[in-house]
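J.: File follows, query.cif with mmCIF, C-alpha atoms (C1' of nucleotides):
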data_target
loop_
_atom_site.label_atom_id
_atom_site.label_comp_id
_atom_site.auth_asym_id
_atom_site.auth_seq_id
_atom_site.Cartn_x
_atom_site.Cartn_y
_atom_site.Cartn_z
CA MET A 135 -6.04 11.10 -15.32
CA LYS A 136 -3.41 10.86 -12.59
CA ILE A 137 -3.91 8.09 -10.03
CA ALA A 138 -1.62 7.58 -7.03
CA CYS A 139 -1.29 5.08 -4.21
CA PHE A 140 0.26 5.95 -0.86
CA ASN A 141 0.62 3.94 2.36
CA ILE A 142 0.43 6.86 4.80
CA ASN A 143 0.96 4.89 8.06
CA GLY A 144 -1.74 6.67 10.06
CA ILE A 145 -3.92 9.55 8.87
CA LYS A 146 -3.69 11.42 12.17
CA ALA A 147 0.10 11.52 12.09
CA ARG A 148 0.26 12.15 8.33
CA ILE A 149 -2.36 14.81 7.70
CA GLY A 150 0.33 17.46 7.19
CA ALA A 151 2.68 15.43 4.99
CA LEU A 152 -0.22 14.00 2.98
CA SER A 153 -1.75 17.43 2.38
CA ASP A 154 1.61 18.88 1.30
CA TRP A 155 2.11 16.05 -1.18
CA LEU A 156 -1.46 16.38 -2.54
CA GLU A 157 -0.90 20.10 -3.15
CA GLU A 158 2.39 19.41 -4.92
CA ALA A 159 1.52 16.27 -6.90
CA ASP A 160 -2.14 17.12 -7.54
CA PRO A 161 -3.40 13.59 -8.30
CA ASP A 162 -6.98 13.22 -9.50
CA VAL A 163 -7.26 10.07 -7.39
CA ALA A 164 -5.27 9.00 -4.33
CA LEU A 165 -5.62 5.43 -3.04
CA LEU A 166 -4.55 5.46 0.60
CA GLN A 167 -3.47 2.52 2.75
CA GLU A 168 -3.00 2.17 6.51
CA ILE A 169 -5.24 5.05 7.48
CA LYS A 170 -5.34 3.39 10.96
CA SER A 171 -8.64 5.08 11.70
CA ILE A 172 -12.31 4.33 11.96
CA ASP A 173 -14.46 6.04 9.33
CA GLU A 174 -15.91 8.49 11.89
CA ASN A 175 -12.46 9.80 12.85
CA PHE A 176 -11.10 10.31 9.32
CA PRO A 177 -10.60 14.07 8.69
CA ARG A 178 -13.05 13.99 5.79
CA SER A 179 -13.92 17.69 5.65
CA HIS A 180 -10.24 18.68 5.52
CA PHE A 181 -9.83 16.81 2.23
CA GLU A 182 -13.24 17.84 0.94
CA ASP A 183 -12.09 21.44 1.42
CA MET A 184 -9.12 20.57 -0.84
CA GLY A 185 -11.54 19.47 -3.56
CA TYR A 186 -11.65 15.74 -2.97
CA THR A 187 -14.52 13.33 -2.62
CA VAL A 188 -13.68 11.03 0.29
CA GLU A 189 -14.51 7.33 0.62
CA THR A 190 -13.11 5.38 3.58
CA HIS A 191 -13.06 1.77 4.66
CA GLY A 192 -11.56 2.00 8.11
CA GLN A 193 -11.15 0.00 11.29
CA LYS A 194 -9.85 0.72 14.75
CA SER A 195 -6.06 0.98 15.19
CA PHE A 196 -4.91 -1.05 12.19
CA ASN A 197 -5.14 -1.28 8.42
CA GLY A 198 -7.83 0.82 6.73
CA VAL A 199 -7.99 2.08 3.13
CA ALA A 200 -9.47 5.16 1.49
CA ILE A 201 -9.99 6.90 -1.83
CA LEU A 202 -9.65 10.64 -2.36
CA SER A 203 -10.90 11.76 -5.78
CA LYS A 204 -11.37 15.03 -7.63
CA LEU A 205 -13.28 13.13 -10.32
CA PRO A 206 -16.73 11.59 -9.82
CA LEU A 207 -16.78 8.09 -8.27
CA GLU A 208 -19.41 5.48 -9.03
CA ASP A 209 -20.20 2.03 -7.60
CA VAL A 210 -17.95 2.26 -4.55
CA THR A 211 -17.55 -1.08 -2.77
CA PHE A 212 -15.77 -2.00 0.43
CA GLY A 213 -13.90 -5.19 1.31
CA LEU A 214 -12.32 -7.97 -0.75
CA PRO A 215 -14.89 -10.63 -1.66
CA GLY A 216 -14.39 -14.25 -0.74
CA ASP A 217 -14.52 -14.36 3.07
CA ASP A 218 -17.61 -13.11 4.88
CA VAL A 219 -15.98 -13.26 8.31
CA ASP A 220 -12.82 -11.31 7.40
CA GLU A 221 -12.98 -8.09 9.44
CA GLN A 222 -9.71 -6.52 8.27
CA ALA A 223 -10.20 -3.36 6.18
CA ARG A 224 -7.79 -3.83 3.28
CA TRP A 225 -9.72 -3.31 0.04
CA ILE A 226 -11.80 -0.59 -1.62
CA GLU A 227 -13.07 -0.25 -5.21
CA ALA A 228 -14.63 2.51 -7.23
CA THR A 229 -15.17 3.52 -10.84
CA VAL A 230 -13.55 6.85 -11.73
CA VAL A 231 -15.30 8.72 -14.50
CA ASP A 232 -13.57 11.20 -16.81
CA LYS A 233 -13.15 10.87 -20.59
CA ARG A 234 -13.34 7.14 -19.91
CA ALA A 235 -14.35 5.08 -16.90
CA VAL A 236 -11.64 3.19 -15.02
CA ARG A 237 -12.27 0.78 -12.16
CA VAL A 238 -9.69 1.43 -9.40
CA CYS A 239 -8.97 -0.98 -6.55
CA GLY A 240 -6.99 0.20 -3.53
CA LEU A 241 -5.39 -2.58 -1.50
CA TYR A 242 -3.35 -3.19 1.61
CA LEU A 243 -2.14 -6.76 1.30
CA PRO A 244 -1.33 -8.52 4.62
CA ASN A 245 2.31 -8.39 5.76
CA GLY A 246 2.36 -12.07 6.74
CA ASN A 247 5.13 -12.14 9.32
CA PRO A 248 6.07 -14.09 11.33
CA VAL A 249 6.55 -17.17 9.16
CA PRO A 250 5.32 -19.78 9.64
CA GLY A 251 2.07 -18.99 11.38
CA PRO A 252 -1.53 -17.83 11.06
CA LYS A 253 -0.53 -14.43 9.69
CA TYR A 254 1.32 -16.00 6.79
CA ASP A 255 -1.58 -18.37 6.16
CA TYR A 256 -3.90 -15.34 6.09
CA LYS A 257 -1.62 -13.55 3.63
CA LEU A 258 -1.63 -16.44 1.17
CA ALA A 259 -5.39 -16.94 1.55
CA TRP A 260 -5.93 -13.21 0.93
CA MET A 261 -3.80 -13.43 -2.23
CA GLU A 262 -5.95 -16.32 -3.41
CA ARG A 263 -9.02 -14.07 -2.99
CA LEU A 264 -7.17 -11.28 -4.83
CA TYR A 265 -6.49 -13.69 -7.70
CA ALA A 266 -10.20 -14.54 -7.87
CA ARG A 267 -11.23 -10.86 -7.83
CA ALA A 268 -8.72 -10.04 -10.59
CA GLN A 269 -10.17 -12.87 -12.68
CA GLU A 270 -13.70 -11.50 -12.23
CA LEU A 271 -12.64 -7.99 -13.22
CA LEU A 272 -10.79 -9.32 -16.28
CA HIS A 273 -13.98 -11.00 -17.44
CA SER A 274 -15.73 -7.61 -17.40
CA GLU A 275 -13.18 -6.33 -19.98
CA GLU A 276 -13.41 -2.80 -18.57
CA PRO A 277 -10.10 -1.01 -17.86
CA PHE A 278 -9.10 -1.55 -14.23
CA LEU A 279 -6.10 -1.28 -11.97
CA MET A 280 -5.19 -2.69 -8.57
CA ALA A 281 -2.77 -0.50 -6.63
CA GLY A 282 -1.38 -0.15 -3.15
CA ASP A 283 0.88 -1.85 -0.63
CA TYR A 284 1.25 -5.44 -1.85
CA ASN A 285 3.78 -6.36 0.85
CA VAL A 286 5.56 -8.41 -1.81
CA ILE A 287 9.11 -7.88 -3.12
CA PRO A 288 8.56 -9.39 -6.57
CA GLN A 289 12.22 -10.05 -7.46
CA ASP A 290 15.67 -9.69 -5.88
CA GLU A 291 16.25 -6.53 -7.92
CA ASP A 292 13.42 -4.92 -5.95
CA ALA A 293 15.48 -4.89 -2.73
CA ALA A 294 18.76 -3.14 -1.88
CA ARG A 295 19.76 -6.18 0.23
CA PRO A 296 17.76 -9.16 -1.05
CA GLU A 297 19.63 -11.53 1.27
CA ALA A 298 18.12 -9.73 4.28
CA TRP A 299 14.60 -10.63 3.08
CA GLU A 300 15.15 -14.25 2.05
CA LYS A 301 13.15 -15.73 4.92
CA ASP A 302 10.67 -12.85 5.22
CA ALA A 303 6.99 -13.09 4.28
CA LEU A 304 7.55 -10.25 1.78
CA ALA A 305 9.96 -12.29 -0.35
CA LEU A 306 9.47 -16.00 0.36
CA PRO A 307 8.99 -18.17 -2.73
CA ASP A 308 5.31 -18.82 -1.88
CA SER A 309 4.63 -15.06 -1.63
CA ARG A 310 6.39 -14.38 -4.92
CA ALA A 311 4.63 -17.26 -6.63
CA ALA A 312 1.21 -16.04 -5.47
CA TYR A 313 2.01 -12.53 -6.72
CA ARG A 314 3.36 -13.86 -10.03
CA ARG A 315 0.26 -15.96 -10.52
CA ILE A 316 -1.86 -12.80 -10.30
CA VAL A 317 0.40 -10.84 -12.67
CA ASN A 318 0.39 -13.77 -15.09
CA LEU A 319 -3.36 -13.48 -15.51
CA GLY A 320 -2.30 -10.77 -17.95
CA LEU A 321 -1.67 -7.75 -15.72
CA THR A 322 1.09 -5.18 -16.20
CA ASP A 323 3.41 -3.93 -13.45
CA ALA A 324 3.19 -0.28 -14.56
CA PHE A 325 6.49 0.78 -13.01
CA ARG A 326 8.48 -1.91 -14.84
CA THR A 327 7.25 -0.66 -18.20
CA VAL A 328 9.18 2.59 -17.64
CA GLU A 329 12.06 1.64 -15.27
CA PRO A 330 13.76 -1.75 -15.61
CA GLY A 331 16.63 -2.70 -13.31
CA SER A 332 17.53 -2.32 -9.66
CA GLY A 333 17.60 0.60 -7.25
CA HIS A 334 13.94 1.66 -7.28
CA TYR A 335 12.18 1.45 -3.94
CA THR A 336 8.92 2.54 -2.32
CA PHE A 337 9.59 1.66 1.35
CA TRP A 338 12.45 2.35 3.72
CA ASP A 339 12.23 1.17 7.33
CA TYR A 340 12.29 3.81 10.05
CA GLN A 341 14.98 1.78 11.81
CA ALA A 342 18.74 1.60 11.44
CA GLY A 343 19.03 4.56 9.08
CA ALA A 344 17.51 2.63 6.20
CA TRP A 345 16.59 5.81 4.30
CA ASN A 346 20.03 7.39 4.68
CA ARG A 347 21.65 4.18 3.43
CA ASN A 348 19.02 3.79 0.66
CA ASP A 349 18.28 0.35 2.10
CA GLY A 350 14.83 0.09 0.55
CA ILE A 351 12.40 -2.32 -1.05
CA ARG A 352 9.79 -1.96 -3.82
CA ILE A 353 6.49 -3.27 -2.43
CA ASP A 354 3.93 -0.68 -3.59
CA HIS A 355 2.71 -1.60 -7.05
CA PHE A 356 0.28 -0.67 -9.81
CA LEU A 357 -1.05 -3.70 -11.67
CA LEU A 358 -2.99 -2.75 -14.80
CA SER A 359 -5.49 -4.76 -16.79
CA PRO A 360 -4.73 -5.11 -20.53
CA GLN A 361 -7.35 -2.49 -21.40
CA CYS A 362 -5.88 -0.17 -18.76
CA ALA A 363 -2.26 -0.79 -19.83
CA ASP A 364 -3.26 0.47 -23.28
CA LEU A 365 -3.98 3.84 -21.63
CA LEU A 366 -0.70 4.11 -19.66
CA LEU A 367 1.27 7.30 -20.30
CA GLU A 368 3.60 7.57 -17.32
CA CYS A 369 4.51 5.91 -14.00
CA ARG A 370 6.71 7.34 -11.21
CA ILE A 371 7.77 6.87 -7.59
CA ASP A 372 7.75 10.12 -5.58
CA LYS A 373 10.92 9.15 -3.70
CA GLU A 374 11.70 12.61 -2.32
CA VAL A 375 8.64 12.42 -0.05
CA ARG A 376 10.58 9.99 2.20
CA GLY A 377 13.13 12.69 3.05
CA GLN A 378 10.59 15.31 4.08
CA GLU A 379 9.35 16.19 7.55
CA LYS A 380 7.49 13.51 9.55
CA PRO A 381 7.35 11.09 6.61
CA SER A 382 5.54 7.80 6.22
CA ASP A 383 7.87 4.82 5.76
CA HIS A 384 6.33 4.42 2.27
CA VAL A 385 6.29 6.93 -0.62
CA PRO A 386 3.61 7.55 -3.26
CA VAL A 387 3.60 5.77 -6.61
CA TRP A 388 1.48 7.14 -9.45
CA VAL A 389 0.37 6.55 -13.02
CA ARG A 390 -0.97 8.91 -15.63
CA LEU A 391 -3.57 7.37 -17.94
CA ASN A 392 -5.00 8.59 -21.21
CA ALA A 393 -8.47 8.32 -19.72
"C1'" DA B 277 22.45 -12.07 18.04
"C1'" DT B 278 20.43 -7.98 19.17
"C1'" DG B 279 18.14 -3.83 18.74
"C1'" DG B 280 17.23 -0.33 16.17
"C1'" DT B 281 12.00 3.47 15.02
"C1'" DG B 282 7.39 4.83 14.56
"C1'" DG B 283 1.94 4.81 14.85
"C1'" DG B 284 -2.08 3.63 17.51
"C1'" DG B 285 -3.98 3.74 21.79
"C1'" DC B 286 -3.61 2.40 26.25
"C1'" DT B 287 0.44 -1.36 28.20
"C1'" DC B 288 1.15 -3.98 24.13
"C1'" DC B 289 0.16 -4.83 18.94
"C1'" DC B 290 1.69 -4.14 14.41
"C1'" DA B 291 4.96 -3.10 10.88
#
Let me see whether you can do it: turn the structure in this file into structure tokens.
T.:
Amino acid sequence: MKIACFNINGIKARIGALSDWLEEADPDVALLQEIKSIDENFPRSHFEDMGYTVETHGQKSFNGVAILSKLPLEDVTFGLPGDDVDEQARWIEATVVDKRAVRVCGLYLPNGNPVPGPKYDYKLAWMERLYARAQELLHSEEPFLMAGDYNVIPQDEDAARPEAWEKDALALPDSRAAYRRIVNLGLTDAFRTVEPGSGHYTFWDYQAGAWNRNDGIRIDHFLLSPQCADLLLECRIDKEVRGQEKPSDHVPVWVRLNA
DNA sequence: ATGGTGGGGCTCCCA
């Protein structure tokens, strides 16, 4: 089972690039972030024609997450529990059924800038809710993963120029501590099991020639539960996607599971 | 210190 996450930065602008990558990479499941679309405007039938079941959790203009799956999905839920008045569409869950069942969670964690301010407060509060949801899922003891745009640079080695991010919401000590607290529940950063060290990024800003200078950061992550980590076969970043026509500022990350 | 780019959707917000 091949599962990918991809912050596409707008489905309308990315329908071509996303379709090309799906054809090439052929994931069974694609967790999409920043669809920037309401559910009614998502080009559902286009992806259904490519063989995917489509589940969206959209909102107008901003955020929005989706799941495309060639395998059957069960128990699809929308929104991160823990705040009934939160209207931002940043979380979607489903159980993917093949040889085994795996619970997949697609997430778009708040950016949090500028700091200090309400956006940073919202980021940390959202991470607290993520911690609680991870705890609940761990208690179930079923294999699960949480993947997407975490908007967290976990360590200095995850940035080409860590000094440029020192005071940014993506790398501040409180952001890193909140992320570490979640990982330390017993989750595995899938990419770090196959590629230790620096120089591996998932995001390059559109500005200032960041891609050409390889001035990137690693902020898109797969966190695996212990039962899911047991099934891990492979994890990769599809870096070349960033150099193709009309790219997103993020690239896909994917895992292959023995499931 | 500034401005650099891109998406959404509508004149400015968000990243």
J.: Give me the result of the PyMOL selection byres ((chain A) within 6 of (chain B)) on this file, residue by residue, as an NGL selection string.
T.: :A and (195 or 340-342)
J.: So what do you get for atom CA of A:Glu208 versus atom CA of A:Arg224, distance-wise?
T.: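 These atoms are spaced 19.3 Å apart.
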J.: For a cutoff of 12 Å around the file-coordinate point (-5.7, 15.4, -6.4), which residues qualify once you count all atoms listed in the file? I'd like the result as a ChimeraX atom specification.
T.: /A:135-139,152-165,181-188,201-205,388
J.: Starting from the displayed file, determine the output of the PyMOL selection byres ((chain A and resi 292) around 8) and express the residue list as a ChimeraX atom specification.
T.: /A:287-291,293-294,296,332-335,351-353
J.: List as a PyMOL selection string the residues having at least one atom at most 9 Å from position (7.2, 8.2, 2.8) as given in the file, counting all atoms listed in the file.
T.: chain A and resi 140-143+151+336-338+372-378+380-386
J.: Here's the selection I'm unsure about, the PyMOL selection byres ((chain A and resi 234) around 10); applied to the file above, which residues does it give, as a PyMOL selection string?
T.: chain A and resi 135+229-233+235-236+277+391-393
J.: Please measure the separation of atom CA of A:Lys257 and atom CA of A:Leu243, giving the value in Å to one decimal.
T.: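 Between atom CA of A:Lys257 and atom CA of A:Leu243 the gap is 7.2 Å.
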J.: In Å, rounded to a single decimal, give me how far atom CA of A:Asn348 is from atom CA of A:Arg370.
T.: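 Here the two named atoms are 17.5 Å from each other.
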J.: Using all atoms listed in the file for the distances, tell me which of A:Gly150, A:Tyr284, A:Glu189, A:Leu319 is nearest to A:Gln269.
T.: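 With all atoms listed in the file as the atom set, the closest residue is A:Leu319.
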J.: Using only C-alpha atoms, which of the listed residues (A:Leu214, A:Ile226, A:Met261, A:Ala268) sits closest to A:Ser359?
T.: A:Ala268
J.: Need the shell around A:Glu174: protein/DNA/RNA residues with any atom at most 10 Å away, counting only C-alpha atoms (C1' of nucleotides). Skip same-chain ones fewer than 2 positions apart. Format as a VMD selection string?
T.: chain A and resid 171 to 172 176 to 178 190 192 to 193
J.: Around all of stretch 164-176 of chain A's listed atoms, make the axis-aligned box with 4 Å on each side and tell me centre and edge lengths in Å to one decimal, as JSON.
T.:
{"center_x": -9.5, "center_y": 6.2, "center_z": 4.3, "size_x": 20.9, "size_y": 16.1, "size_z": 25.2}
